[in-house]
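S.K.: Have a look at the structure that comes next, please.
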Amino acid sequence: MRLVATALLVAMAGLFLVSRLMVGAHPAWGFVRAFAEAAMVGGLADWFAVTALFRHPLGLPIPHTAIVPRNKDRIGDQLAHFLRSNFLVPRVVARRMRRVDVAAAAARWLTDPPEGAGGRFRRGASRMVAQVLEAMDPAKLGGMMKAAVATRIREMEVAPILGQLLTAMMAQGRHRPLLDSGARWASGLLQSNDALIRQMVRERAGAVLRWTGLDETLADKLIAGLDKLLHDVAEDPDHPMRQKVEDGLDRFAWDLQHDPATRARIEAAKEELLANPAMARWLDGLWEQARASLLRIARDPEAAMTGQLGEILRQIGDTLRQDRGLALRINRFVRRAAVGVAHDYGDGIVRLVSETVRSWDAATITGRLENAVGRDLQYIRVNGTLVGGLVGLCIHAVDVML
């Protein structure tokens, strides 16, 4: 556009020269001359005004020219003040965020992601996540994750939590299948060690019992009795042995929550578990599995969206769409977060803007502003040339009539 404006100015200058030579040939050339002369003056004036904003016209240090380079620091300060006063104000942000339904937008994106922008967003975000994961040292990152998990477990007292879980499980009867399985497992263990039990009875029986063969009878009675006991415990929910086990579990749940000695033993066991190398290897494997899953999702987001993860995300979107109470809570949280950012970090944001503009050299800020608004400024030059020519034409017409 700059070339167009400059070419128009040169054309007006050429037309002025031609019309000056031809003015005596016909009265119409007087109108052409008046138009070209006024257009040339208007174009030169606007060229000077536009150029003076960004640099010295023709390199001459004319006062009040190169306005942008000379005032770049003040421009940065004023821009930062404008942002702070008109945009990064908590009440303005809150008023604006009230009209933004973040939950509905998230629900639409999760349930029916757009083919174009949504796909590009997923692919771009996935590439970024994959590059970050691949760039980080796996051993170092895994060590950080292990340290974070171990620190979190150490800070958490697990005994009361275990006690509460055991109490809740017993209140709902969820411990009974475990007791049934335990009784059946003990019965199977008894049967698989039949020969060992008989040998133990024989070794501990006296010579008289072995001579009379009563040791075999005693072993048969013992094995049969234990097997019947375990069978009765597994089949009878009201068996006295089961009740004793439940009483013991109930007492253990209470001790986990309220007995200092029991809680101390659990904490000591927790520390021993964390110090065990097997625990460290398990955490290593857990992190590697998680990292591999993240990389697999990041490298193929479309496949992930069509799999179990995609179904989970769609269910979340359906929940957001149907549960207006949840949507209102999410929107309220986002609004408060945005207001909090404006309140807590508004000064830092505008300071960043001001310092960034100050750090630019004159050529940088001139080039960026000129690229941003230069096209419109060149239209000003074109308009000035044409309007100036029309004004000159009108003045010449009035002069001829008078």
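Within each chain, counting starts at residue 1; across the structure tokens, chains are named A, B, ... in the order shown, with ligands numbered 1 upward in that order.
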Which residues, written as a VMD selection string, have at least one atom at most 8 Å from Arg84 (chain A), with only C-alpha atoms counted and residues fewer than 4 positions away on the same chain left out?

M.R.: chain A and resid 80 88 to 89 346 to 347 350

S.K.: With all heavy atoms retained, write the just-selected residues as a CSV table (one decimal), in the first residue's frame.

M.R.:
```csv
chain,number,residue,atom,x,y,z
A,80,ALA,N,0.4,0.1,29.4
A,80,ALA,CA,0.2,-0.7,30.6
A,80,ALA,C,-0.9,-0.1,31.5
A,80,ALA,O,-1.7,-0.8,32.0
A,80,ALA,CB,1.6,-0.7,31.3
A,88,LEU,N,-7.8,-5.1,33.4
A,88,LEU,CA,-7.4,-5.9,34.5
A,88,LEU,C,-7.9,-5.4,35.8
A,88,LEU,O,-7.2,-5.3,36.8
A,88,LEU,CB,-5.9,-6.0,34.5
A,88,LEU,CG,-5.3,-6.7,33.3
A,88,LEU,CD1,-3.7,-6.7,33.4
A,88,LEU,CD2,-5.8,-8.2,33.2
A,89,VAL,N,-9.2,-5.0,35.8
A,89,VAL,CA,-9.9,-4.6,37.0
A,89,VAL,C,-10.8,-5.7,37.5
A,89,VAL,O,-11.6,-6.2,36.7
A,89,VAL,CB,-10.7,-3.3,36.7
A,89,VAL,CG1,-11.4,-2.8,38.0
A,89,VAL,CG2,-9.8,-2.2,36.2
A,346,GLY,N,-2.5,-8.5,38.3
A,346,GLY,CA,-2.7,-7.4,37.4
A,346,GLY,C,-1.5,-6.5,37.3
A,346,GLY,O,-1.1,-6.1,36.2
A,347,ASP,N,-1.0,-6.0,38.5
A,347,ASP,CA,0.1,-5.1,38.5
A,347,ASP,C,1.4,-5.8,37.8
A,347,ASP,O,2.1,-5.1,37.1
A,347,ASP,CB,0.5,-4.7,39.9
A,347,ASP,CG,-0.6,-3.8,40.5
A,347,ASP,OD1,-1.3,-3.2,39.7
A,347,ASP,OD2,-0.8,-3.8,41.7
A,350,VAL,N,0.8,-5.7,33.9
A,350,VAL,CA,1.0,-4.5,33.2
A,350,VAL,C,2.5,-4.0,33.4
A,350,VAL,O,3.1,-3.4,32.5
A,350,VAL,CB,0.1,-3.4,33.8
A,350,VAL,CG1,-1.3,-3.7,33.6
A,350,VAL,CG2,0.3,-3.2,35.3
```

S.K.: So that I can check the surroundings of region 27-43 of chain A, please list as an MDAnalysis selection string every protein, DNA and RNA residue that reaches within 8 Å of it, counting only C-alpha atoms and ignoring chain neighbours fewer than 6 positions away.

M.R.: chainID A and resid 9 12:13 15:16 19:20 381:382 384:393 396:397

S.K.: Can those selected residues be exported to a file as a tab-separated table (two decimals), in the first residue's frame so that it contains C-alpha atoms?

M.R.:
```
chain	number	residue	atom	x	y	z
A	9	LEU	CA	1.94	11.15	-5.36
A	12	MET	CA	0.18	13.82	-9.36
A	13	ALA	CA	3.58	15.50	-9.65
A	15	LEU	CA	0.39	15.39	-14.06
A	16	PHE	CA	1.15	18.81	-12.57
A	19	SER	CA	-0.70	20.34	-17.16
A	20	ARG	CA	1.57	23.35	-16.55
A	381	ARG	CA	-1.92	9.39	2.25
A	382	VAL	CA	-4.08	8.24	-0.67
A	384	GLY	CA	-5.15	13.14	1.40
A	385	THR	CA	-3.93	13.18	-2.20
A	386	LEU	CA	-7.41	12.71	-3.66
A	387	VAL	CA	-9.17	15.04	-1.24
A	388	GLY	CA	-6.52	17.70	-1.77
A	389	GLY	CA	-6.99	17.41	-5.53
A	390	LEU	CA	-10.76	17.76	-5.22
A	391	VAL	CA	-10.41	20.79	-2.97
A	392	GLY	CA	-8.00	22.40	-5.47
A	393	LEU	CA	-10.42	21.61	-8.29
A	396	HIS	CA	-10.17	26.69	-9.27
A	397	ALA	CA	-13.78	26.27	-10.43
```

S.K.: Between CA of Met170 (chain A) and CA of Ala186 (chain A), what is the spacing in Å?

M.R.: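 Result for CA of Ala186 (chain A) versus CA of Met170 (chain A): 21.3 Å, one decimal.
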
S.K.: Residues at most 12 Å from Ala52 (chain A), counting only C-alpha atoms, excluding those fewer than 5 positions away in the same chain, as a PyMOL selection string?

M.R.: chain A and resi 44-47+57-70+366+370+377

S.K.: Please produce a file of the residues just selected, as a PDB file, in the first residue's frame, where the atoms kept are N, CA and C atoms.

M.R.:
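Just written: again.pdb:
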```pdb
ATOM      1  N   LEU A  44       1.818  15.371  -0.228  1.00  0.00           N
ATOM      2  CA  LEU A  44       3.077  15.662   0.472  1.00  0.00           C
ATOM      3  C   LEU A  44       2.837  15.931   1.946  1.00  0.00           C
ATOM      4  N   ALA A  45       1.759  16.658   2.243  1.00  0.00           N
ATOM      5  CA  ALA A  45       1.468  16.967   3.652  1.00  0.00           C
ATOM      6  C   ALA A  45       1.188  15.703   4.442  1.00  0.00           C
ATOM      7  N   ASP A  46       0.362  14.814   3.864  1.00  0.00           N
ATOM      8  CA  ASP A  46       0.047  13.572   4.581  1.00  0.00           C
ATOM      9  C   ASP A  46       1.254  12.639   4.635  1.00  0.00           C
ATOM     10  N   TRP A  47       2.087  12.639   3.568  1.00  0.00           N
ATOM     11  CA  TRP A  47       3.320  11.836   3.627  1.00  0.00           C
ATOM     12  C   TRP A  47       4.208  12.314   4.764  1.00  0.00           C
ATOM     13  N   PRO A  57      11.534  12.705   8.469  1.00  0.00           N
ATOM     14  CA  PRO A  57      11.363  12.769   7.008  1.00  0.00           C
ATOM     15  C   PRO A  57      12.671  13.143   6.324  1.00  0.00           C
ATOM     16  N   LEU A  58      13.044  12.327   5.326  1.00  0.00           N
ATOM     17  CA  LEU A  58      14.283  12.520   4.564  1.00  0.00           C
ATOM     18  C   LEU A  58      15.522  12.524   5.448  1.00  0.00           C
ATOM     19  N   GLY A  59      15.388  11.974   6.657  1.00  0.00           N
ATOM     20  CA  GLY A  59      16.507  11.911   7.575  1.00  0.00           C
ATOM     21  C   GLY A  59      16.861  13.217   8.229  1.00  0.00           C
ATOM     22  N   LEU A  60      16.042  14.236   8.045  1.00  0.00           N
ATOM     23  CA  LEU A  60      16.320  15.556   8.627  1.00  0.00           C
ATOM     24  C   LEU A  60      15.772  15.616  10.045  1.00  0.00           C
ATOM     25  N   PRO A  61      16.566  16.085  11.025  1.00  0.00           N
ATOM     26  CA  PRO A  61      16.108  16.145  12.423  1.00  0.00           C
ATOM     27  C   PRO A  61      15.136  17.291  12.667  1.00  0.00           C
ATOM     28  N   ILE A  62      14.014  17.236  12.000  1.00  0.00           N
ATOM     29  CA  ILE A  62      13.007  18.277  12.154  1.00  0.00           C
ATOM     30  C   ILE A  62      12.332  18.104  13.511  1.00  0.00           C
ATOM     31  N   PRO A  63      12.116  19.198  14.246  1.00  0.00           N
ATOM     32  CA  PRO A  63      11.458  19.078  15.567  1.00  0.00           C
ATOM     33  C   PRO A  63      10.093  18.416  15.451  1.00  0.00           C
ATOM     34  N   HIS A  64       9.755  17.668  16.496  1.00  0.00           N
ATOM     35  CA  HIS A  64       8.454  16.998  16.610  1.00  0.00           C
ATOM     36  C   HIS A  64       8.226  15.971  15.497  1.00  0.00           C
ATOM     37  N   THR A  65       9.286  15.326  15.043  1.00  0.00           N
ATOM     38  CA  THR A  65       9.180  14.184  14.137  1.00  0.00           C
ATOM     39  C   THR A  65       9.787  12.963  14.832  1.00  0.00           C
ATOM     40  N   ALA A  66       9.654  11.769  14.202  1.00  0.00           N
ATOM     41  CA  ALA A  66      10.063  10.500  14.840  1.00  0.00           C
ATOM     42  C   ALA A  66       9.420  10.386  16.214  1.00  0.00           C
ATOM     43  N   ILE A  67       8.102  10.594  16.236  1.00  0.00           N
ATOM     44  CA  ILE A  67       7.377  10.684  17.508  1.00  0.00           C
ATOM     45  C   ILE A  67       7.392   9.350  18.254  1.00  0.00           C
ATOM     46  N   VAL A  68       7.156   8.244  17.540  1.00  0.00           N
ATOM     47  CA  VAL A  68       7.090   6.939  18.204  1.00  0.00           C
ATOM     48  C   VAL A  68       8.432   6.538  18.814  1.00  0.00           C
ATOM     49  N   PRO A  69       9.553   6.611  18.079  1.00  0.00           N
ATOM     50  CA  PRO A  69      10.828   6.228  18.705  1.00  0.00           C
ATOM     51  C   PRO A  69      11.188   7.091  19.904  1.00  0.00           C
ATOM     52  N   ARG A  70      10.889   8.400  19.822  1.00  0.00           N
ATOM     53  CA  ARG A  70      11.273   9.280  20.929  1.00  0.00           C
ATOM     54  C   ARG A  70      10.419   9.056  22.176  1.00  0.00           C
ATOM     55  N   THR A 366       9.154   0.720  16.235  1.00  0.00           N
ATOM     56  CA  THR A 366       8.700   1.413  15.028  1.00  0.00           C
ATOM     57  C   THR A 366       8.214   0.422  13.991  1.00  0.00           C
ATOM     58  N   GLU A 370       4.361   0.105  12.840  1.00  0.00           N
ATOM     59  CA  GLU A 370       4.138   0.440  11.441  1.00  0.00           C
ATOM     60  C   GLU A 370       3.511  -0.740  10.704  1.00  0.00           C
ATOM     61  N   LEU A 377      -2.471   3.888   7.569  1.00  0.00           N
ATOM     62  CA  LEU A 377      -1.807   5.183   7.414  1.00  0.00           C
ATOM     63  C   LEU A 377      -1.544   5.484   5.941  1.00  0.00           C
TER      64      LEU A 377
END
```

S.K.: What is the CA of Met97 (chain A)-CA of Ala338 (chain A) distance in Å, reported with one decimal?

M.R.: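 Computing the Euclidean distance for CA of Met97 (chain A) and CA of Ala338 (chain A) yields 7.9 Å.
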
S.K.: Quick one: residues within 9 Å of Asp112 (chain A), only C-alpha atoms, excluding same-chain residues fewer than 3 positions away - as a VMD selection string?

M.R.: chain A and resid 107 to 109 115 314 317

S.K.: Give me the residues near Ile223 (chain A) as a list in words, where near means some atom within 9 Å (using only C-alpha atoms) and where sequence neighbours in that chain fewer than 4 positions away do not count.

M.R.: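 Contacts, in chain order: Leu190, Gln191, Asp194, Ile197, Arg198, Leu218, Ala219, Asp227 and Lys228 of chain A.
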
S.K.: DSSP on the backbone, helix (DSSP H, G or I) only: what residues of region 22-126 of chain A does that give? Format it as number ranges by chain.

M.R.: A: 22, 28-54, 57-59, 67-70, 72-86, 90-98, 102-111, 117-126
